[in-house]
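Structure below is coords-v3.tsv: TSV, C-alpha atoms.
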chain	number	residue	atom	x	y	z
A	1	MET	CA	0.00	0.00	0.00
A	2	PRO	CA	1.55	3.34	-1.01
A	3	ASP	CA	2.47	5.73	1.80
A	4	ARG	CA	0.00	8.33	0.54
A	5	ARG	CA	-2.91	5.95	1.25
A	6	ARG	CA	-1.89	5.10	4.83
A	7	VAL	CA	-3.62	6.91	7.70
A	8	PHE	CA	-3.01	6.52	11.44
A	9	LEU	CA	-6.08	7.48	13.46
A	10	VAL	CA	-5.56	8.23	17.17
A	11	ASP	CA	-8.76	8.92	19.13
A	12	ASP	CA	-10.18	7.57	22.37
A	13	GLU	CA	-13.80	7.81	21.15
A	14	GLU	CA	-14.89	4.50	19.64
A	15	ALA	CA	-17.64	6.15	17.58
A	16	ILE	CA	-15.13	8.51	15.97
A	17	ARG	CA	-12.69	5.70	15.26
A	18	ARG	CA	-15.42	3.56	13.75
A	19	SER	CA	-17.00	6.27	11.56
A	20	ALA	CA	-13.72	7.81	10.38
A	21	THR	CA	-12.21	4.41	9.64
A	22	PHE	CA	-15.25	3.39	7.59
A	23	MET	CA	-15.25	6.68	5.67
A	24	LEU	CA	-11.53	6.54	4.89
A	25	ARG	CA	-11.44	2.86	3.96
A	26	ALA	CA	-14.41	3.38	1.64
A	27	SER	CA	-12.26	5.92	-0.20
A	28	GLY	CA	-9.31	3.55	-0.53
A	29	TYR	CA	-7.21	4.51	2.48
A	30	ASN	CA	-5.42	1.98	4.65
A	31	VAL	CA	-6.39	2.96	8.20
A	32	THR	CA	-4.76	1.84	11.44
A	33	ALA	CA	-6.66	3.07	14.52
A	34	PHE	CA	-5.37	3.58	18.06
A	35	GLU	CA	-7.48	4.38	21.11
A	36	THR	CA	-4.70	6.08	23.08
A	37	GLY	CA	-1.63	8.16	22.38
A	38	GLU	CA	0.42	5.64	24.33
A	39	HIS	CA	-0.60	2.79	22.02
A	40	PHE	CA	0.25	4.87	18.96
A	41	LEU	CA	3.70	5.83	20.29
A	42	GLU	CA	4.45	2.20	21.15
A	43	ALA	CA	3.78	1.20	17.54
A	44	VAL	CA	4.93	4.23	15.56
A	45	ASP	CA	8.50	3.03	14.94
A	46	GLU	CA	7.13	0.04	13.00
A	47	LEU	CA	4.39	1.86	11.10
A	48	GLY	CA	6.39	3.55	8.37
A	49	ALA	CA	5.24	6.71	6.62
A	50	GLY	CA	1.68	7.97	6.63
A	51	CYS	CA	-0.63	10.76	7.74
A	52	VAL	CA	-1.70	11.04	11.40
A	53	LEU	CA	-5.21	12.04	12.48
A	54	LEU	CA	-4.63	12.95	16.12
A	55	ASP	CA	-7.24	13.86	18.74
A	56	VAL	CA	-6.21	16.64	21.11
A	57	ARG	CA	-7.98	15.55	24.29
A	58	MET	CA	-7.51	11.93	25.33
A	59	PRO	CA	-7.11	10.12	28.65
A	60	GLY	CA	-3.47	9.74	29.55
A	61	ILE	CA	-1.10	11.41	27.12
A	62	SER	CA	-2.73	14.22	25.14
A	63	GLY	CA	-2.46	14.89	21.43
A	64	LEU	CA	-0.09	17.80	22.07
A	65	GLU	CA	2.13	15.52	24.14
A	66	VAL	CA	2.10	12.88	21.39
A	67	GLN	CA	3.15	15.58	18.94
A	68	GLN	CA	6.00	16.63	21.23
A	69	VAL	CA	7.24	13.04	21.68
A	70	LEU	CA	7.29	12.52	17.90
A	71	LYS	CA	9.32	15.69	17.53
A	72	GLU	CA	11.79	14.60	20.22
A	73	ARG	CA	12.19	11.24	18.47
A	74	SER	CA	12.70	12.96	15.08
A	75	ILE	CA	9.66	11.20	13.60
A	76	ASP	CA	8.43	13.63	10.99
A	77	LEU	CA	4.91	12.50	10.13
A	78	PRO	CA	2.28	14.98	8.92
A	79	ILE	CA	-0.22	15.52	11.75
A	80	ILE	CA	-3.83	16.68	11.45
A	81	ILE	CA	-5.27	17.66	14.79
A	82	MET	CA	-8.87	16.73	15.62
A	83	THR	CA	-10.59	18.96	18.13
A	84	GLY	CA	-13.91	19.24	19.89
A	85	HIS	CA	-15.87	22.47	20.27
A	86	GLY	CA	-13.92	25.08	22.20
A	87	ASP	CA	-10.47	23.62	21.53
A	88	ILE	CA	-9.47	26.13	18.86
A	89	MET	CA	-6.68	27.68	20.95
A	90	VAL	CA	-5.27	24.22	21.63
A	91	ALA	CA	-5.45	23.46	17.90
A	92	LEU	CA	-3.57	26.65	17.11
A	93	GLN	CA	-0.91	25.63	19.62
A	94	ALA	CA	-0.55	22.35	17.73
A	95	MET	CA	-0.33	24.23	14.42
A	96	ASN	CA	2.45	26.39	15.82
A	97	ALA	CA	4.26	23.18	16.79
A	98	GLY	CA	4.12	21.94	13.20
A	99	ALA	CA	0.73	20.31	12.64
A	100	VAL	CA	-0.50	20.44	9.05
A	101	ASP	CA	-4.09	21.38	9.85
A	102	PHE	CA	-6.88	20.98	12.37
A	103	ILE	CA	-10.48	19.89	11.95
A	104	GLU	CA	-13.38	20.16	14.37
A	105	LYS	CA	-15.49	17.17	15.39
A	106	PRO	CA	-17.92	16.12	14.14
A	107	PHE	CA	-16.00	16.80	10.95
A	108	ASP	CA	-17.25	17.37	7.46
A	109	ARG	CA	-16.18	14.74	4.91
A	110	THR	CA	-14.84	17.32	2.45
A	111	VAL	CA	-12.87	19.11	5.15
A	112	LEU	CA	-11.39	15.80	6.34
A	113	PHE	CA	-10.22	14.73	2.89
A	114	GLU	CA	-8.80	18.15	2.08
A	115	ALA	CA	-6.77	18.04	5.30
A	116	ILE	CA	-5.48	14.55	4.49
A	117	THR	CA	-4.50	15.66	0.99
A	118	ASP	CA	-2.51	18.51	2.52
A	119	GLY	CA	-0.91	16.05	4.93
A	120	PHE	CA	0.31	13.78	2.15
A	121	ALA	CA	1.59	16.81	0.23
A	122	ARG	CA	3.70	17.64	3.31
A	123	LEU	CA	4.93	14.03	3.41
A	124	ASP	CA	6.01	14.25	-0.24
A	125	ARG	CA	7.90	17.49	0.40
A	126	VAL	CA	9.72	15.99	3.39
A	127	ARG	CA	10.67	12.91	1.35
A	128	ASP	CA	11.92	15.04	-1.55
A	129	LEU	CA	13.97	17.23	0.79
A	130	SER	CA	15.50	14.21	2.52
A	131	ARG	CA	16.45	12.69	-0.85
A	132	GLN	CA	18.02	15.97	-1.93
A	133	GLU	CA	20.04	16.25	1.28
A	134	ARG	CA	21.36	12.70	0.90
A	135	ALA	CA	22.33	13.36	-2.71
A	136	ARG	CA	24.12	16.60	-1.81
A	137	ALA	CA	26.00	14.84	0.97
A	138	ARG	CA	27.27	12.29	-1.55
A	139	LEU	CA	28.39	15.02	-3.95
A	140	GLU	CA	30.51	16.56	-1.20
A	141	ALA	CA	32.81	13.52	-1.45
A	142	LEU	CA	33.83	14.46	-4.99
A	143	ALA	CA	37.15	16.12	-5.80
A	144	PRO	CA	36.96	19.47	-7.67
A	145	LEU	CA	37.90	17.93	-11.02
A	146	GLU	CA	35.35	15.15	-10.53
A	147	ARG	CA	32.72	17.81	-9.91
A	148	GLU	CA	33.66	19.53	-13.17
A	149	VAL	CA	33.22	16.25	-15.04
A	150	LEU	CA	29.87	15.59	-13.36
A	151	HIS	CA	28.56	19.06	-14.18
A	152	ARG	CA	29.38	18.51	-17.84
A	153	LEU	CA	27.87	15.03	-17.89
A	154	VAL	CA	24.64	16.50	-16.55
A	155	ARG	CA	24.67	19.00	-19.42
A	156	GLY	CA	24.93	16.13	-21.89
A	157	HIS	CA	28.56	16.67	-22.92
A	158	THR	CA	30.44	13.74	-24.43
A	159	THR	CA	33.74	12.39	-23.13
A	160	ALA	CA	35.55	14.01	-26.06
A	161	ALA	CA	33.90	17.38	-25.40
A	162	ILE	CA	34.70	17.23	-21.69
A	163	ALA	CA	38.31	16.32	-22.45
A	164	GLN	CA	38.62	19.32	-24.76
A	165	GLU	CA	36.94	21.73	-22.33
A	166	LEU	CA	39.09	20.65	-19.38
A	167	ASP	CA	42.26	20.11	-21.44
A	168	LEU	CA	42.47	16.47	-20.42
A	169	ALA	CA	43.08	13.22	-22.23
A	170	PRO	CA	39.84	11.31	-22.98
A	171	ARG	CA	41.17	8.35	-20.97
A	172	ARG	CA	41.63	10.67	-17.98
A	173	VAL	CA	38.02	11.83	-18.31
A	174	GLU	CA	36.84	8.22	-18.34
A	175	THR	CA	38.84	7.55	-15.18
A	176	LEU	CA	37.32	10.58	-13.47
A	177	ARG	CA	33.87	9.54	-14.59
A	178	ALA	CA	34.40	6.05	-13.13
A	179	GLY	CA	35.55	7.64	-9.87
A	180	VAL	CA	32.43	9.81	-9.74
A	181	MET	CA	30.18	6.78	-10.24
A	182	GLN	CA	32.03	4.83	-7.58
A	183	LYS	CA	31.86	7.62	-4.98
A	184	LEU	CA	28.20	8.26	-5.68
A	185	GLU	CA	27.44	4.53	-5.72
A	186	ALA	CA	25.78	4.82	-9.12
A	187	ALA	CA	25.54	1.58	-11.09
A	188	SER	CA	24.72	3.29	-14.39
A	189	THR	CA	24.85	6.66	-16.13
A	190	SER	CA	21.09	7.08	-15.76
A	191	GLU	CA	21.35	6.47	-12.01
A	192	LEU	CA	24.22	8.95	-11.83
A	193	LEU	CA	22.13	11.59	-13.58
A	194	ARG	CA	19.11	10.96	-11.34
A	195	LEU	CA	21.30	11.44	-8.29
A	196	ALA	CA	22.76	14.65	-9.72
A	197	PHE	CA	19.31	16.03	-10.48
A	198	ALA	CA	18.13	15.10	-6.98
A	199	ALA	CA	21.04	17.13	-5.58
A	200	GLY	CA	19.93	20.16	-7.55
A	201	LEU	CA	22.27	19.92	-10.50
A	202	GLY	CA	20.78	20.38	-13.92
A	203	PRO	CA	21.52	21.57	-17.42
A	204	ALA	CA	22.78	25.15	-17.51
Write-out of the structure in structure tokens:
Amino acid sequence: MPDRRRVFLVDDEEAIRRSATFMLRASGYNVTAFETGEHFLEAVDELGAGCVLLDVRMPGISGLEVQQVLKERSIDLPIIIMTGHGDIMVALQAMNAGAVDFIEKPFDRTVLFEAITDGFARLDRVRDLSRQERARARLEALAPLEREVLHRLVRGHTTAAIAQELDLAPRRVETLRAGVMQKLEAASTSELLRLAFAAGLGPA
């Protein structure tokens, strides 16, 4: 099941869990429900990526406390806060702590699905940023001349053209290219280019 169809529902009210789970599953989402924040935190390391629907007021650990624990554990899941009437200030506190959105219970179906869509958009941005950071970290291992070769490869230059531009022998360019692929752990030219693009390099 793709990450963007996985929802983690945390609410102590059985009626809310039952109705929201039915609504989401009917629309193709994979829903895992938890009746307490403690149960969710015990399982979260094994859940993988997904969007969290988190009630603010629950017995035991509150939604705000769950949010804080996730932050302390560097678990960056998009959180949508669910609130009852009169909890707007609490919801705003959660938003200031990084929640994607908040919805009031009983919630409107359209509002719920719009919030979830925003949550998965946040998840995609986090994933893209993480991939970019990893790619840039790999590029930092390259020597200056290897970087010059990579930049030209990204622009579509041939080995002969790169050799002429850098005043190198073609065999030397091939050696540098092999070194770039080894350092970046790229098994093919296409993989090398994907990694370079992920790091922010692109045709001039």
Please write out, as AutoDock Vina command-line options, where the centre of an axis-aligned box around all listed atoms of range 74-93 of chain A lies and how long its edges are, in Å to one decimal, after adding 3 Å on each side.
--center_x -1.6 --center_y 19.4 --center_z 15.6 --size_x 34.6 --size_y 22.5 --size_z 19.3
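Using all atoms listed in the file for every distance, the candidate list A:Leu153, A:Met58, A:Pro144, A:Ala163 yields A:Leu153 as the residue closest to Thr189 in chain A.
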Any idea what's packed within 7 Å of range 45-53 of chain A, counting all atoms listed in the file, ignoring anything in its chain fewer than 4 positions away? Could you give it as a PyMOL selection string? chain A and resi 3-4+6-10+77-82+116+119-120
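For the residues A:Leu64, A:Ile75, A:Leu70, A:Leu150, ranking by smallest atom-to-atom distance to Ala91 in chain A using all atoms listed in the file places A:Leu64 first.
Of the listed residues (A:Glu148, A:Glu42, A:Ala135, A:Leu166), A:Ala135 comes nearest to Arg194 in chain A; the distances count only C-alpha atoms.
Comparing A:Arg134, A:Ser74, A:Arg109, A:Thr83 by their smallest distance to Phe22 in chain A, the closest is A:Arg109 (using all atoms listed in the file).
Across the structure, CA of Glu133 in chain A and CA of Thr158 in chain A are spaced 27.8 Å apart.
In this model, the gap between CA of Leu168 in chain A and CA of Ala196 in chain A comes to 22.5 Å.
Neighbouring residues of Thr36 in chain A at 9 Å or closer, counting only C-alpha atoms and skipping chain neighbours under 5 positions away, are Val10, Asp11, Asp12, Leu41, Met58, Pro59, Gly60, Ile61 and Ser62 of chain A.
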As a VMD selection string, please: the residues near Leu193 in chain A (cut-off 10 Å, all atoms listed in the file, same-chain neighbours under 2 positions excluded). chain A and resid 150 to 151 153 to 156 181 186 188 to 191 195 to 199 201 to 202
A straight line from CA of Arg177 in chain A to CA of Val149 in chain A spans 6.8 Å
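For the set A:Glu185, A:Glu13, A:Asp101, A:Asp55, the residue with the smallest atom-to-atom gap to Ala141 in chain A is A:Glu185, counting only C-alpha atoms.
Using only C-alpha atoms, the smallest distance between any of A:Gly200, A:Gly84, A:Pro106, A:Gly179 and Ala15 in chain A comes from A:Pro106.
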